[in-house]
Amino acid sequence: METVKIALTQYGVGENIEKETHPQIAKYFESIGINLRNFSSQPSWSSAFVNWVAKKAGLQFSGKLEDKSWLSVGESTHYPSWGDIVVLWKDSPLSKEGYVGIFVKETRRYVYILGGDQRNKVCIKAYPKSRVLDYRKLKKAA
């Protein structure tokens with residue numbers, strides 16, 4: 001799907017802890033109308049990255065920084081395909097915090113996600129399937 005192709009163009013883009021925010025990461029935030037100058041430190045950018053990718057692909061997007069905002073975008077599916085959205089819980093299933101990324105593949109125990117702010121960069125990372133809240137299929141933006 002187009003989302004994976006677009007996301008892969010950003011592979012390796014990451015934070016530089018000692019310097020200013022990477023200009024490309026700032027663009028992820030700007031894509032949803034967020035100016036980083038309004039923050040004392042850089043917030044989590046996994047949702048900003050997925051918003052940027054979805055917008056570039058002409059698909060629905062949440063427009064929010066909250067990872068769990070993706071639970072109301074697109075349609076839920078029990079059978080994810082390459083490029084679908086994966087929403088995970090962070091501290092507990094009921095916590096406000098979460099994580100969002102793009103589905104690449106799964107094994108019996110793990111889901112592999114292409115996302116931003118994973119190890120402070122855009123990369124693919126495995127997560128236990130027990131942390132998945134939902135898989136979402138996005139539709140074309142209206």
# chains A, B, ... in the order shown; residues from 1 in each chain; ligands from 1
>>> residues_around(residues="segment 89-100 of chain A", least_positions_apart="2", cutoff="12 Å", atoms="only C-alpha atoms", output="PyMOL selection string")
chain A and resi 44-51+61-62+64-71+73+84-87+102-103+111-118+125+127-136
>>> write_last_selection(atoms="C-alpha atoms", output="compact mmCIF listing (two decimals), in the first residue's frame")
# COMPACT_ATOMS: atom_id res chain seq x y z
CA SER A 44 6.00 12.15 21.10
CA TRP A 45 5.76 12.20 17.32
CA SER A 46 4.41 8.78 16.34
CA SER A 47 0.93 10.15 15.56
CA ALA A 48 2.34 13.23 13.81
CA PHE A 49 4.35 10.90 11.56
CA VAL A 50 1.36 8.67 10.71
CA ASN A 51 -0.76 11.78 10.03
CA PHE A 61 -6.04 11.02 9.11
CA SER A 62 -6.71 11.90 12.75
CA LYS A 64 -4.21 14.90 16.40
CA LEU A 65 -1.08 14.15 18.41
CA GLU A 66 -2.84 11.58 20.58
CA ASP A 67 -1.98 8.09 19.36
CA LYS A 68 -5.33 6.68 20.44
CA SER A 69 -7.11 9.27 18.26
CA TRP A 70 -6.56 6.76 15.45
CA LEU A 71 -9.10 4.42 17.06
CA VAL A 73 -10.25 6.84 11.96
CA ASP A 84 -2.96 -0.59 7.66
CA ILE A 85 -2.76 1.39 10.90
CA VAL A 86 -1.93 -0.32 14.21
CA VAL A 87 -2.92 1.27 17.52
CA ILE A 102 1.89 1.29 10.04
CA PHE A 103 1.43 -2.46 9.77
CA VAL A 111 3.28 -7.31 15.04
CA TYR A 112 5.92 -5.38 13.08
CA ILE A 113 5.25 -1.67 12.78
CA LEU A 114 6.85 0.97 10.59
CA GLY A 115 6.57 4.18 12.56
CA GLY A 116 8.06 7.35 13.86
CA ASP A 117 9.50 7.91 17.31
CA GLN A 118 10.52 4.26 17.63
CA LYS A 125 9.97 -2.43 15.37
CA TYR A 127 5.65 -5.31 19.49
CA PRO A 128 3.84 -8.11 21.32
CA LYS A 129 0.43 -8.69 19.75
CA SER A 130 -1.07 -8.52 23.24
CA ARG A 131 -0.54 -4.73 23.11
CA VAL A 132 -2.67 -4.21 19.98
CA LEU A 133 -5.84 -2.24 20.63
CA ASP A 134 -7.00 -2.24 17.02
CA TYR A 135 -6.01 -2.46 13.38
CA ARG A 136 -7.53 0.24 11.16
>>> select_by_dssp(residues="segment 37-72 of chain A", states="alpha helix (DSSP H)", output="PDB file with C-alpha atoms, in the first residue's frame")
ATOM      1  CA  SER A  46       4.405   8.784  16.344  1.00  0.00           C
ATOM      2  CA  SER A  47       0.929  10.150  15.560  1.00  0.00           C
ATOM      3  CA  ALA A  48       2.344  13.228  13.807  1.00  0.00           C
ATOM      4  CA  PHE A  49       4.347  10.900  11.560  1.00  0.00           C
ATOM      5  CA  VAL A  50       1.358   8.674  10.710  1.00  0.00           C
ATOM      6  CA  ASN A  51      -0.758  11.784  10.026  1.00  0.00           C
ATOM      7  CA  TRP A  52       1.923  13.078   7.645  1.00  0.00           C
ATOM      8  CA  VAL A  53       2.077   9.725   5.822  1.00  0.00           C
ATOM      9  CA  ALA A  54      -1.720   9.371   5.568  1.00  0.00           C
ATOM     10  CA  LYS A  55      -2.085  12.911   4.235  1.00  0.00           C
ATOM     11  CA  LYS A  56       0.655  12.318   1.638  1.00  0.00           C
TER      12      LYS A  56
END
>>> residues_around(residues="Ala142 of chain A", least_positions_apart="3", cutoff="12 Å", atoms="only C-alpha atoms", output="number ranges by chain")
A: 55, 58-61, 74, 138-139
>>> write_last_selection(atoms="N, CA and C atoms", output="PDB file, in the first residue's frame")
ATOM      1  N   LYS A  55      -1.764  11.746   5.062  1.00  0.00           N
ATOM      2  CA  LYS A  55      -2.085  12.911   4.235  1.00  0.00           C
ATOM      3  C   LYS A  55      -1.379  12.832   2.889  1.00  0.00           C
ATOM      4  N   GLY A  58      -3.139  10.626   0.583  1.00  0.00           N
ATOM      5  CA  GLY A  58      -4.508  11.018   0.256  1.00  0.00           C
ATOM      6  C   GLY A  58      -5.549  10.226   1.025  1.00  0.00           C
ATOM      7  N   LEU A  59      -5.181   9.794   2.229  1.00  0.00           N
ATOM      8  CA  LEU A  59      -6.082   8.983   3.051  1.00  0.00           C
ATOM      9  C   LEU A  59      -6.580   9.761   4.259  1.00  0.00           C
ATOM     10  N   GLN A  60      -7.588   9.201   4.924  1.00  0.00           N
ATOM     11  CA  GLN A  60      -8.083   9.777   6.164  1.00  0.00           C
ATOM     12  C   GLN A  60      -6.946   9.885   7.174  1.00  0.00           C
ATOM     13  N   PHE A  61      -7.036  10.867   8.065  1.00  0.00           N
ATOM     14  CA  PHE A  61      -6.040  11.016   9.111  1.00  0.00           C
ATOM     15  C   PHE A  61      -6.720  11.595  10.341  1.00  0.00           C
ATOM     16  N   GLY A  74     -10.961   5.570  10.013  1.00  0.00           N
ATOM     17  CA  GLY A  74     -11.042   4.374   9.183  1.00  0.00           C
ATOM     18  C   GLY A  74     -11.961   3.329   9.786  1.00  0.00           C
ATOM     19  N   LEU A 138      -7.686   2.506   6.410  1.00  0.00           N
ATOM     20  CA  LEU A 138      -8.015   3.883   6.063  1.00  0.00           C
ATOM     21  C   LEU A 138      -8.683   3.956   4.702  1.00  0.00           C
ATOM     22  N   LYS A 139      -9.584   4.904   4.556  1.00  0.00           N
ATOM     23  CA  LYS A 139     -10.238   5.161   3.278  1.00  0.00           C
ATOM     24  C   LYS A 139      -9.642   6.426   2.668  1.00  0.00           C
TER      25      LYS A 139
END
>>> select_by_dssp(residues="chain A", states="strand (DSSP E or B)", output="PyMOL selection string")
chain A and resi 14+59+75-77+85-89+98-106+110-118+121-128+132-137+140
>>> residues_around(residues="Thr21 of chain A", least_positions_apart="6", cutoff="9 Å", atoms="only C-alpha atoms", output="list in words")
Gly14, Glu15, Leu36 and Gln42 of chain A
>>> atom_distance(atom1="atom CA of Thr3 of chain A", atom2="atom CA of Ser41 of chain A")
28.1 Å
>>> decode(residues="segment 62-101 of chain A", atoms="N, CA and C atoms", output="short mmCIF file (atom, residue, chain, number, x, y, z; two decimals), in the first residue's frame")
data_model
loop_
_atom_site.label_atom_id
_atom_site.label_comp_id
_atom_site.auth_asym_id
_atom_site.auth_seq_id
_atom_site.Cartn_x
_atom_site.Cartn_y
_atom_site.Cartn_z
N SER A 62 -6.08 11.44 11.51
CA SER A 62 -6.71 11.90 12.75
C SER A 62 -6.55 13.39 12.97
N GLY A 63 -5.44 13.97 12.52
CA GLY A 63 -5.20 15.39 12.75
C GLY A 63 -4.83 15.72 14.18
N LYS A 64 -4.51 14.69 14.98
CA LYS A 64 -4.21 14.90 16.40
C LYS A 64 -2.90 14.24 16.79
N LEU A 65 -2.31 14.74 17.88
CA LEU A 65 -1.08 14.15 18.41
C LEU A 65 -1.33 12.88 19.22
N GLU A 66 -2.54 12.74 19.75
CA GLU A 66 -2.84 11.58 20.58
C GLU A 66 -2.87 10.31 19.73
N ASP A 67 -2.06 9.34 20.12
CA ASP A 67 -1.98 8.09 19.36
C ASP A 67 -3.32 7.37 19.30
N LYS A 68 -4.05 7.39 20.40
CA LYS A 68 -5.33 6.68 20.44
C LYS A 68 -6.42 7.38 19.63
N SER A 69 -6.14 8.59 19.12
CA SER A 69 -7.11 9.27 18.26
C SER A 69 -7.37 8.46 16.99
N TRP A 70 -6.43 7.59 16.65
CA TRP A 70 -6.56 6.76 15.45
C TRP A 70 -7.61 5.66 15.62
N LEU A 71 -8.07 5.43 16.84
CA LEU A 71 -9.10 4.42 17.06
C LEU A 71 -10.44 4.82 16.45
N SER A 72 -10.58 6.09 16.05
CA SER A 72 -11.83 6.54 15.43
C SER A 72 -11.64 6.92 13.97
N VAL A 73 -10.52 6.53 13.37
CA VAL A 73 -10.25 6.84 11.96
C VAL A 73 -10.29 5.55 11.16
N GLY A 74 -10.96 5.57 10.01
CA GLY A 74 -11.04 4.37 9.18
C GLY A 74 -11.96 3.33 9.79
N GLU A 75 -11.75 2.09 9.38
CA GLU A 75 -12.58 0.98 9.85
C GLU A 75 -11.72 -0.05 10.56
N SER A 76 -12.27 -0.60 11.63
CA SER A 76 -11.59 -1.65 12.37
C SER A 76 -11.53 -2.93 11.53
N THR A 77 -10.43 -3.66 11.65
CA THR A 77 -10.31 -4.94 10.95
C THR A 77 -9.57 -5.93 11.84
N HIS A 78 -9.97 -7.17 11.77
CA HIS A 78 -9.27 -8.22 12.52
C HIS A 78 -8.15 -8.84 11.68
N TYR A 79 -8.13 -8.51 10.38
CA TYR A 79 -7.14 -9.08 9.47
C TYR A 79 -6.37 -7.96 8.79
N PRO A 80 -5.34 -7.47 9.45
CA PRO A 80 -4.60 -6.33 8.88
C PRO A 80 -3.83 -6.70 7.63
N SER A 81 -3.71 -5.71 6.78
CA SER A 81 -2.93 -5.84 5.55
C SER A 81 -1.77 -4.86 5.61
N TRP A 82 -0.78 -5.12 4.77
CA TRP A 82 0.38 -4.25 4.64
C TRP A 82 -0.09 -2.82 4.46
N GLY A 83 0.32 -1.92 5.34
CA GLY A 83 -0.05 -0.51 5.22
C GLY A 83 -1.20 -0.06 6.09
N ASP A 84 -1.90 -0.98 6.74
CA ASP A 84 -2.96 -0.59 7.66
C ASP A 84 -2.36 0.08 8.90
N ILE A 85 -3.20 0.70 9.69
CA ILE A 85 -2.76 1.39 10.90
C ILE A 85 -2.90 0.44 12.09
N VAL A 86 -1.91 0.48 12.99
CA VAL A 86 -1.93 -0.32 14.21
C VAL A 86 -1.92 0.64 15.40
N VAL A 87 -2.86 0.46 16.31
CA VAL A 87 -2.92 1.27 17.52
C VAL A 87 -2.61 0.35 18.71
N LEU A 88 -1.63 0.76 19.51
CA LEU A 88 -1.20 -0.03 20.66
C LEU A 88 -1.42 0.73 21.95
N TRP A 89 -1.55 0.01 23.04
CA TRP A 89 -1.54 0.67 24.35
C TRP A 89 -0.10 0.74 24.83
N LYS A 90 0.17 1.71 25.73
CA LYS A 90 1.53 1.92 26.19
C LYS A 90 1.73 1.37 27.60
N ASP A 91 1.14 2.02 28.61
CA ASP A 91 1.33 1.59 29.99
C ASP A 91 0.34 0.50 30.40
N SER A 92 -0.89 0.65 29.94
CA SER A 92 -1.94 -0.35 30.18
C SER A 92 -3.01 -0.12 29.13
N PRO A 93 -3.86 -1.11 28.88
CA PRO A 93 -4.89 -0.94 27.85
C PRO A 93 -5.83 0.24 28.13
N LEU A 94 -6.00 0.60 29.39
CA LEU A 94 -6.92 1.68 29.74
C LEU A 94 -6.24 3.05 29.88
N SER A 95 -4.92 3.08 29.78
CA SER A 95 -4.21 4.35 29.94
C SER A 95 -4.47 5.28 28.76
N LYS A 96 -4.24 6.55 28.99
CA LYS A 96 -4.40 7.56 27.94
C LYS A 96 -3.32 7.43 26.87
N GLU A 97 -2.16 6.97 27.29
CA GLU A 97 -1.01 6.86 26.40
C GLU A 97 -1.13 5.65 25.47
N GLY A 98 -0.59 5.82 24.26
CA GLY A 98 -0.61 4.73 23.30
C GLY A 98 0.54 4.88 22.31
N TYR A 99 0.43 4.14 21.24
CA TYR A 99 1.40 4.22 20.17
C TYR A 99 0.68 3.88 18.88
N VAL A 100 1.07 4.51 17.78
CA VAL A 100 0.45 4.23 16.48
C VAL A 100 1.54 4.11 15.43
N GLY A 101 1.33 3.21 14.49
CA GLY A 101 2.27 3.02 13.40
C GLY A 101 1.59 2.30 12.24
#
